[in-house]
>>> print(open('target03.tsv').read())   # TSV, C-alpha atoms
chain	number	residue	atom	x	y	z
A	1	MET	CA	-17.58	-10.10	-13.46
A	2	SER	CA	-15.92	-6.72	-13.08
A	3	LEU	CA	-16.74	-3.27	-14.41
A	4	PHE	CA	-13.27	-2.03	-13.64
A	5	GLY	CA	-9.91	-2.74	-15.18
A	6	GLN	CA	-6.92	-4.22	-13.41
A	7	ASP	CA	-5.84	-2.77	-10.07
A	8	ARG	CA	-2.88	-1.05	-11.72
A	9	SER	CA	-3.80	0.88	-14.85
A	10	PHE	CA	-1.87	0.75	-18.11
A	11	LEU	CA	-0.32	4.22	-17.75
A	12	HIS	CA	0.61	3.68	-14.12
A	13	ALA	CA	2.22	0.33	-14.94
A	14	LEU	CA	4.47	1.90	-17.58
A	15	PRO	CA	7.94	3.14	-16.60
A	16	ASP	CA	7.99	6.95	-16.31
A	17	ARG	CA	10.05	7.34	-19.49
A	18	ASP	CA	7.69	5.16	-21.53
A	19	ARG	CA	4.62	6.95	-20.18
A	20	ARG	CA	6.04	10.35	-21.09
A	21	ALA	CA	6.95	9.04	-24.55
A	22	LEU	CA	3.40	7.81	-25.19
A	23	LEU	CA	1.71	11.01	-24.00
A	24	ALA	CA	4.12	13.08	-26.12
A	25	GLU	CA	2.71	11.30	-29.20
A	26	GLY	CA	-0.79	12.61	-28.57
A	27	THR	CA	-3.01	15.67	-28.30
A	28	PRO	CA	-4.96	16.72	-25.16
A	29	ARG	CA	-8.75	16.36	-25.43
A	30	SER	CA	-11.59	17.17	-23.04
A	31	TYR	CA	-15.08	15.65	-23.05
A	32	GLU	CA	-18.23	16.87	-21.35
A	33	PRO	CA	-20.60	14.58	-19.39
A	34	GLY	CA	-22.55	12.36	-21.78
A	35	GLU	CA	-20.32	13.11	-24.76
A	36	VAL	CA	-19.42	10.14	-26.97
A	37	MET	CA	-15.66	9.69	-27.06
A	38	ILE	CA	-15.60	6.60	-29.29
A	39	ARG	CA	-18.55	5.17	-31.21
A	40	GLU	CA	-19.27	1.48	-31.79
A	41	ARG	CA	-18.68	0.27	-35.38
A	42	ASP	CA	-16.80	3.47	-36.28
A	43	THR	CA	-13.67	2.96	-38.37
A	44	SER	CA	-11.48	5.44	-36.49
A	45	ALA	CA	-8.39	4.01	-34.78
A	46	TYR	CA	-7.18	6.62	-32.27
A	47	VAL	CA	-6.47	5.62	-28.68
A	48	LEU	CA	-7.48	7.72	-25.68
A	49	ALA	CA	-5.29	7.78	-22.59
A	50	LEU	CA	-7.55	8.90	-19.73
A	51	MET	CA	-5.96	11.49	-17.47
A	52	SER	CA	-8.95	12.25	-15.23
A	53	GLY	CA	-12.64	11.39	-14.93
A	54	TRP	CA	-14.64	8.24	-15.70
A	55	ALA	CA	-15.87	6.80	-19.00
A	56	VAL	CA	-18.51	4.14	-19.69
A	57	VAL	CA	-17.85	1.37	-22.22
A	58	SER	CA	-21.07	-0.04	-23.70
A	59	VAL	CA	-22.54	-1.95	-26.65
A	60	GLU	CA	-25.94	-2.07	-28.31
A	61	THR	CA	-27.63	-5.49	-28.15
A	62	GLU	CA	-29.67	-7.07	-30.94
A	63	ARG	CA	-32.82	-6.06	-29.01
A	64	GLY	CA	-31.78	-2.42	-29.16
A	65	THR	CA	-30.90	-2.19	-25.48
A	66	ARG	CA	-27.64	-0.91	-24.02
A	67	LEU	CA	-25.25	-3.16	-22.13
A	68	ILE	CA	-22.49	-1.58	-20.06
A	69	LEU	CA	-19.29	-3.59	-20.26
A	70	ALA	CA	-16.90	-1.54	-18.17
A	71	LEU	CA	-15.99	1.69	-16.42
A	72	ARG	CA	-12.61	3.17	-17.27
A	73	GLY	CA	-10.82	5.80	-15.21
A	74	SER	CA	-7.63	7.78	-14.86
A	75	GLY	CA	-4.54	5.98	-16.15
A	76	GLU	CA	-6.40	3.61	-18.44
A	77	VAL	CA	-6.51	3.54	-22.23
A	78	VAL	CA	-9.58	2.98	-24.40
A	79	GLY	CA	-9.79	2.31	-28.12
A	80	ASP	CA	-6.65	0.18	-28.12
A	81	LEU	CA	-8.32	-2.88	-29.66
A	82	ALA	CA	-9.23	-1.08	-32.90
A	83	ALA	CA	-5.77	0.47	-33.02
A	84	VAL	CA	-4.14	-2.95	-32.73
A	85	ASP	CA	-6.34	-5.03	-35.06
A	86	ARG	CA	-7.39	-2.17	-37.40
A	87	ARG	CA	-11.02	-3.30	-37.40
A	88	PRO	CA	-14.17	-1.26	-36.60
A	89	ARG	CA	-14.81	-0.20	-33.00
A	90	SER	CA	-16.24	-2.97	-30.83
A	91	ALA	CA	-17.94	-0.65	-28.29
A	92	THR	CA	-19.00	2.90	-27.53
A	93	VAL	CA	-17.13	4.94	-24.91
A	94	THR	CA	-19.05	7.80	-23.26
A	95	ALA	CA	-17.90	10.34	-20.70
A	96	LEU	CA	-19.66	9.74	-17.37
A	97	GLY	CA	-18.55	13.13	-16.06
A	98	ARG	CA	-15.98	15.54	-17.42
A	99	VAL	CA	-13.06	13.56	-18.85
A	100	ASP	CA	-9.60	14.81	-19.77
A	101	ALA	CA	-7.62	12.57	-22.11
A	102	VAL	CA	-4.74	12.43	-24.56
A	103	SER	CA	-5.63	11.24	-28.07
A	104	VAL	CA	-2.97	9.17	-29.86
A	105	SER	CA	-3.44	8.11	-33.49
A	106	GLY	CA	-3.59	4.41	-34.27
A	107	ASP	CA	-0.39	4.57	-36.31
A	108	ARG	CA	1.54	6.27	-33.53
A	109	PHE	CA	0.16	3.90	-30.91
A	110	ARG	CA	1.20	0.83	-32.93
A	111	ARG	CA	4.66	2.34	-33.45
A	112	PHE	CA	4.93	3.02	-29.71
A	113	LEU	CA	4.07	-0.63	-28.94
A	114	ALA	CA	6.64	-1.86	-31.47
A	115	GLU	CA	9.34	0.24	-29.83
A	116	HIS	CA	8.35	-0.60	-26.24
A	117	PRO	CA	7.97	-4.38	-25.68
A	118	HIS	CA	6.93	-3.93	-22.04
A	119	ALA	CA	3.98	-1.79	-23.16
A	120	THR	CA	2.98	-4.49	-25.66
A	121	SER	CA	3.03	-7.05	-22.86
A	122	LEU	CA	0.79	-4.81	-20.73
A	123	ILE	CA	-1.70	-4.36	-23.58
A	124	MET	CA	-1.84	-8.13	-24.19
A	125	ARG	CA	-2.40	-8.72	-20.48
A	126	GLN	CA	-5.17	-6.11	-20.50
A	127	LEU	CA	-6.91	-7.71	-23.49
A	128	SER	CA	-6.63	-11.14	-21.86
A	129	ALA	CA	-8.18	-9.82	-18.63
A	130	ARG	CA	-11.10	-8.33	-20.56
A	131	LEU	CA	-11.70	-11.64	-22.35
A	132	ARG	CA	-11.75	-13.55	-19.06
A	133	SER	CA	-14.10	-10.97	-17.56
A	134	ALA	CA	-16.47	-11.39	-20.52
A	135	ASP	CA	-16.54	-15.17	-19.93
A	136	VAL	CA	-17.43	-14.65	-16.27
A	137	GLU	CA	-20.12	-12.14	-17.26
A	138	ARG	CA	-21.81	-14.61	-19.59
A	139	ARG	CA	-21.82	-17.22	-16.83
A	140	SER	CA	-23.36	-14.83	-14.32
A	141	LEU	CA	-26.12	-13.79	-16.73
A	142	ALA	CA	-27.08	-17.43	-17.11
A	143	SER	CA	-26.93	-18.46	-13.45
A	144	GLU	CA	-27.41	-15.51	-11.08
A	145	THR	CA	-30.54	-13.58	-10.07
A	146	VAL	CA	-30.96	-9.87	-10.78
A	147	LEU	CA	-30.59	-9.15	-7.06
A	148	GLN	CA	-27.34	-11.09	-6.84
A	149	ARG	CA	-25.88	-9.40	-9.93
A	150	LEU	CA	-26.90	-6.00	-8.58
A	151	ALA	CA	-25.29	-6.78	-5.22
A	152	VAL	CA	-22.06	-7.74	-6.99
A	153	ARG	CA	-22.05	-4.43	-8.86
A	154	LEU	CA	-22.81	-2.36	-5.76
A	155	VAL	CA	-20.05	-4.08	-3.79
A	156	GLU	CA	-17.60	-3.44	-6.62
A	157	LEU	CA	-18.61	0.22	-6.91
A	158	ALA	CA	-18.29	0.65	-3.15
A	159	GLU	CA	-14.84	-0.92	-3.07
A	160	ARG	CA	-13.46	0.87	-6.14
A	161	ALA	CA	-15.31	4.20	-6.10
A	162	GLY	CA	-16.83	4.51	-2.63
A	163	ARG	CA	-16.41	7.23	-0.01
A	164	PRO	CA	-16.79	6.42	3.71
A	165	ALA	CA	-19.48	8.50	5.43
A	166	ASP	CA	-21.35	8.45	8.74
A	167	ALA	CA	-24.31	6.65	7.15
A	168	GLY	CA	-22.19	4.06	5.31
A	169	THR	CA	-20.32	4.01	2.00
A	170	VAL	CA	-21.38	6.59	-0.58
A	171	LEU	CA	-20.95	5.49	-4.20
A	172	GLU	CA	-19.16	8.36	-5.91
A	173	LEU	CA	-20.00	7.39	-9.51
A	174	PRO	CA	-23.33	8.98	-10.53
A	175	LEU	CA	-24.89	5.93	-12.18
A	176	PRO	CA	-28.68	6.28	-12.58
A	177	GLN	CA	-30.94	3.22	-12.36
A	178	HIS	CA	-31.00	2.67	-16.12
A	179	ASP	CA	-27.19	2.53	-16.14
A	180	LEU	CA	-27.16	0.10	-13.20
A	181	ALA	CA	-29.61	-2.02	-15.20
A	182	ALA	CA	-27.37	-1.81	-18.28
A	183	ALA	CA	-24.41	-2.85	-16.13
A	184	ILE	CA	-26.02	-6.14	-15.08
A	185	GLY	CA	-28.03	-7.04	-18.18
A	186	ALA	CA	-31.43	-6.42	-16.58
A	187	THR	CA	-34.40	-4.12	-17.12
A	188	ARG	CA	-34.74	-0.85	-15.26
A	189	GLU	CA	-37.93	-2.17	-13.65
A	190	ALA	CA	-36.12	-5.25	-12.31
A	191	VAL	CA	-33.34	-3.10	-10.84
A	192	ALA	CA	-35.87	-0.72	-9.27
A	193	LYS	CA	-37.57	-3.72	-7.61
A	194	ALA	CA	-34.25	-5.10	-6.35
A	195	LEU	CA	-33.24	-1.70	-4.95
A	196	ARG	CA	-36.60	-1.41	-3.19
A	197	LEU	CA	-35.99	-4.76	-1.50
A	198	LEU	CA	-32.52	-3.63	-0.41
A	199	ARG	CA	-33.95	-0.38	0.98
A	200	GLU	CA	-36.70	-2.21	2.89
A	201	GLN	CA	-34.06	-4.40	4.56
A	202	ASP	CA	-31.85	-1.36	5.37
A	203	VAL	CA	-29.03	-2.62	3.19
A	204	VAL	CA	-28.84	0.54	1.05
A	205	ARG	CA	-30.33	4.02	0.82
A	206	THR	CA	-30.96	5.68	-2.52
A	207	ALA	CA	-31.61	9.18	-3.84
A	208	ASN	CA	-31.26	10.83	-7.25
A	209	ARG	CA	-28.10	9.26	-8.75
A	210	ARG	CA	-26.91	8.45	-5.24
A	211	VAL	CA	-26.57	5.12	-3.46
A	212	VAL	CA	-25.31	4.68	0.10
A	213	VAL	CA	-24.40	1.15	1.22
A	214	ILE	CA	-25.48	0.85	4.87
A	215	ASP	CA	-24.95	-2.87	5.52
A	216	MET	CA	-21.91	-4.05	3.58
A	217	PRO	CA	-21.72	-7.54	5.19
A	218	VAL	CA	-25.25	-8.39	4.02
A	219	LEU	CA	-24.57	-6.94	0.56
A	220	LEU	CA	-21.44	-9.12	0.33
A	221	LEU	CA	-23.43	-12.19	1.31
A	222	LEU	CA	-26.06	-11.36	-1.30
A	223	ALA	CA	-23.34	-11.04	-3.91
A	224	GLN	CA	-22.07	-14.48	-2.93
A	225	GLY	CA	-25.60	-15.93	-2.96
A	226	GLY	CA	-25.60	-17.02	0.70
A	227	SER	CA	-26.84	-16.22	4.23
A	228	HIS	CA	-30.28	-16.61	5.82
A	229	ARG	CA	-30.81	-12.84	5.95
A	230	ALA	CA	-29.68	-12.51	2.34
A	231	LYS	CA	-32.23	-15.13	1.33
A	232	ALA	CA	-34.88	-13.17	3.22
A	233	VAL	CA	-34.02	-10.04	1.26
A	234	GLU	CA	-34.29	-11.97	-2.01
A	235	LYS	CA	-37.80	-13.14	-1.11
A	236	PRO	CA	-40.25	-10.18	-1.08
A	237	PRO	CA	-43.05	-10.09	1.51
A	238	PRO	CA	-46.51	-11.41	0.48
A	239	GLY	CA	-48.38	-9.09	-1.84
A	240	VAL	CA	-45.25	-7.45	-3.34
>>> encode(input="target03.tsv", output="structure tokens")
Amino acid sequence: MSLFGQDRSFLHALPDRDRRALLAEGTPRSYEPGEVMIRERDTSAYVLALMSGWAVVSVETERGTRLILALRGSGEVVGDLAAVDRRPRSATVTALGRVDAVSVSGDRFRRFLAEHPHATSLIMRQLSARLRSADVERRSLASETVLQRLAVRLVELAERAGRPADAGTVLELPLPQHDLAAAIGATREAVAKALRLLREQDVVRTANRRVVVIDMPVLLLLAQGGSHRAKAVEKPPPGV
């Protein structure tokens, strides 16, 4: 159940010569915060190699709600599935902040993979990891509470995009509550309630698009579904 890709991104895992060859096939592009970079069900096939910034990968559910599947950052590629199988886009990719990327056409990307077997192996490994992550996500939606799923996400964000501060760990990615809800398959109201419980127990502090993790050990235990104090956080006081 991970929002992030593998520890070593696709571009960073490529040999320098191969990476330069791929980027030479494309055109630099910049996206503003909130701008759609790739749209679900579109028939385009270009691939975006992310050079800086963060992008959100999401899908629309049958109920019309948004589900966030992943966060992609510098060194990663998005849009590769449609380029490989030549089918419509499976998800929407949106710039979380300003994003700089290199756009490579589907034809050129497929030709690059054909000429660089190591790159093909990396793409297959990436697709396999995403499939496994999707299986874990379905299991968590069926078996874990909203509070536990939120704790898992907050731990992951702290570990992968956190900044140490005097008060704790500041989450650098500006995800509002509705995006946190979309990232765990819950309603905004349920996430707001879970965050209130975490604040009351001094596990986190929140402000506008800002979360500071104060008590990481308890948050980790909540994510794992254990601990007496974690259980106390999960159970709101009478009248709440």
>>> closest_residue(input="target03.tsv", among="A:Leu22, A:Val212, A:Ala182, A:Leu113", to="Ala83 of chain A", atoms="all atoms listed in the file")
A:Leu113
>>> closest_residue(input="target03.tsv", among="A:Gly5, A:Gly106, A:Pro15, A:Gly168", to="Val57 of chain A", atoms="all atoms listed in the file")
A:Gly5
>>> closest_residue(input="target03.tsv", among="A:Ile184, A:Ala55, A:Leu81, A:Leu14", to="Thr43 of chain A", atoms="all atoms listed in the file")
A:Leu81
>>> closest_residue(input="target03.tsv", among="A:Ala49, A:Thr92, A:Val213, A:Arg188", to="Glu159 of chain A", atoms="all atoms listed in the file")
A:Val213
>>> closest_residue(input="target03.tsv", among="A:Leu197, A:Leu219, A:Val155, A:Val93", to="Asp42 of chain A", atoms="all atoms listed in the file")
A:Val93
>>> residues_around(input="target03.tsv", residues="Ser44 of chain A", least_positions_apart="4", cutoff="12 Å", atoms="all atoms listed in the file", output="list in words")
Met37, Ile38, Arg39, Glu40, Leu48, Gly79, Asp80, Leu81, Ala82, Ala83, Val84, Asp85, Arg86, Arg87, Pro88, Arg89, Ser90, Thr92, Ser103, Val104, Ser105, Gly106 and Asp107 of chain A
>>> write_last_selection(input="target03.tsv", atoms="C-alpha atoms", output="short mmCIF file (atom, residue, chain, number, x, y, z; two decimals), in the frame of the given file")
data_model
loop_
_atom_site.label_atom_id
_atom_site.label_comp_id
_atom_site.auth_asym_id
_atom_site.auth_seq_id
_atom_site.Cartn_x
_atom_site.Cartn_y
_atom_site.Cartn_z
CA MET A 37 -15.66 9.69 -27.06
CA ILE A 38 -15.60 6.60 -29.29
CA ARG A 39 -18.55 5.17 -31.21
CA GLU A 40 -19.27 1.48 -31.79
CA LEU A 48 -7.48 7.72 -25.68
CA GLY A 79 -9.79 2.31 -28.12
CA ASP A 80 -6.65 0.18 -28.12
CA LEU A 81 -8.32 -2.88 -29.66
CA ALA A 82 -9.23 -1.08 -32.90
CA ALA A 83 -5.77 0.47 -33.02
CA VAL A 84 -4.14 -2.95 -32.73
CA ASP A 85 -6.34 -5.03 -35.06
CA ARG A 86 -7.39 -2.17 -37.40
CA ARG A 87 -11.02 -3.30 -37.40
CA PRO A 88 -14.17 -1.26 -36.60
CA ARG A 89 -14.81 -0.20 -33.00
CA SER A 90 -16.24 -2.97 -30.83
CA THR A 92 -19.00 2.90 -27.53
CA SER A 103 -5.63 11.24 -28.07
CA VAL A 104 -2.97 9.17 -29.86
CA SER A 105 -3.44 8.11 -33.49
CA GLY A 106 -3.59 4.41 -34.27
CA ASP A 107 -0.39 4.57 -36.31
#
>>> atom_distance(input="target03.tsv", atom1="atom CA of Ala186 of chain A", atom2="atom CA of Leu71 of chain A")
17.4 Å
>>> residues_around(input="target03.tsv", residues="Thr169 of chain A", least_positions_apart="5", cutoff="7 Å", atoms="all atoms listed in the file", output="mmCIF file with C-alpha atoms, in the frame of the given file")
data_model
loop_
_atom_site.group_PDB
_atom_site.id
_atom_site.type_symbol
_atom_site.label_atom_id
_atom_site.label_comp_id
_atom_site.auth_asym_id
_atom_site.auth_seq_id
_atom_site.Cartn_x
_atom_site.Cartn_y
_atom_site.Cartn_z
ATOM 1 C CA ALA A 158 -18.290 0.650 -3.150
ATOM 2 C CA GLY A 162 -16.830 4.510 -2.630
ATOM 3 C CA ARG A 163 -16.410 7.230 -0.010
ATOM 4 C CA PRO A 164 -16.790 6.420 3.710
ATOM 5 C CA VAL A 212 -25.310 4.680 0.100
ATOM 6 C CA VAL A 213 -24.400 1.150 1.220
ATOM 7 C CA ILE A 214 -25.480 0.850 4.870
#
>>> atom_distance(input="target03.tsv", atom1="atom CA of Arg196 of chain A", atom2="atom CA of Gln177 of chain A")
11.7 Å
>>> closest_residue(input="target03.tsv", among="A:Ala190, A:Val77, A:Val218, A:Glu60", to="Phe109 of chain A", atoms="all atoms listed in the file")
A:Val77
>>> atom_distance(input="target03.tsv", atom1="atom CA of Asn208 of chain A", atom2="atom CA of Ala192 of chain A")
12.6 Å
>>> residues_around(input="target03.tsv", residues="segment 51-54 of chain A", least_positions_apart="3", cutoff="12 Å", atoms="only C-alpha atoms", output="MDAnalysis selection string")
chainID A and resid 3:5 9:12 19 23 27:35 37 48 57 70:78 93:103 161 172:175
>>> residues_around(input="target03.tsv", residues="Ala183 of chain A", least_positions_apart="4", cutoff="8 Å", atoms="all atoms listed in the file", output="mmCIF file with C-alpha atoms, in the coordinates of the input")
data_model
loop_
_atom_site.group_PDB
_atom_site.id
_atom_site.type_symbol
_atom_site.label_atom_id
_atom_site.label_comp_id
_atom_site.auth_asym_id
_atom_site.auth_seq_id
_atom_site.Cartn_x
_atom_site.Cartn_y
_atom_site.Cartn_z
ATOM 1 C CA LEU A 3 -16.740 -3.270 -14.410
ATOM 2 C CA LEU A 67 -25.250 -3.160 -22.130
ATOM 3 C CA ILE A 68 -22.490 -1.580 -20.060
ATOM 4 C CA LEU A 69 -19.290 -3.590 -20.260
ATOM 5 C CA ALA A 70 -16.900 -1.540 -18.170
ATOM 6 C CA ARG A 153 -22.050 -4.430 -8.860
ATOM 7 C CA ASP A 179 -27.190 2.530 -16.140
#
>>> axis_aligned_box(input="target03.tsv", around="segment 18-37 of chain A", padding_each_side="4 Å", output="JSON")
{"center_x": -7.4, "center_y": 11.2, "center_z": -24.3, "size_x": 38.2, "size_y": 20.0, "size_z": 17.8}
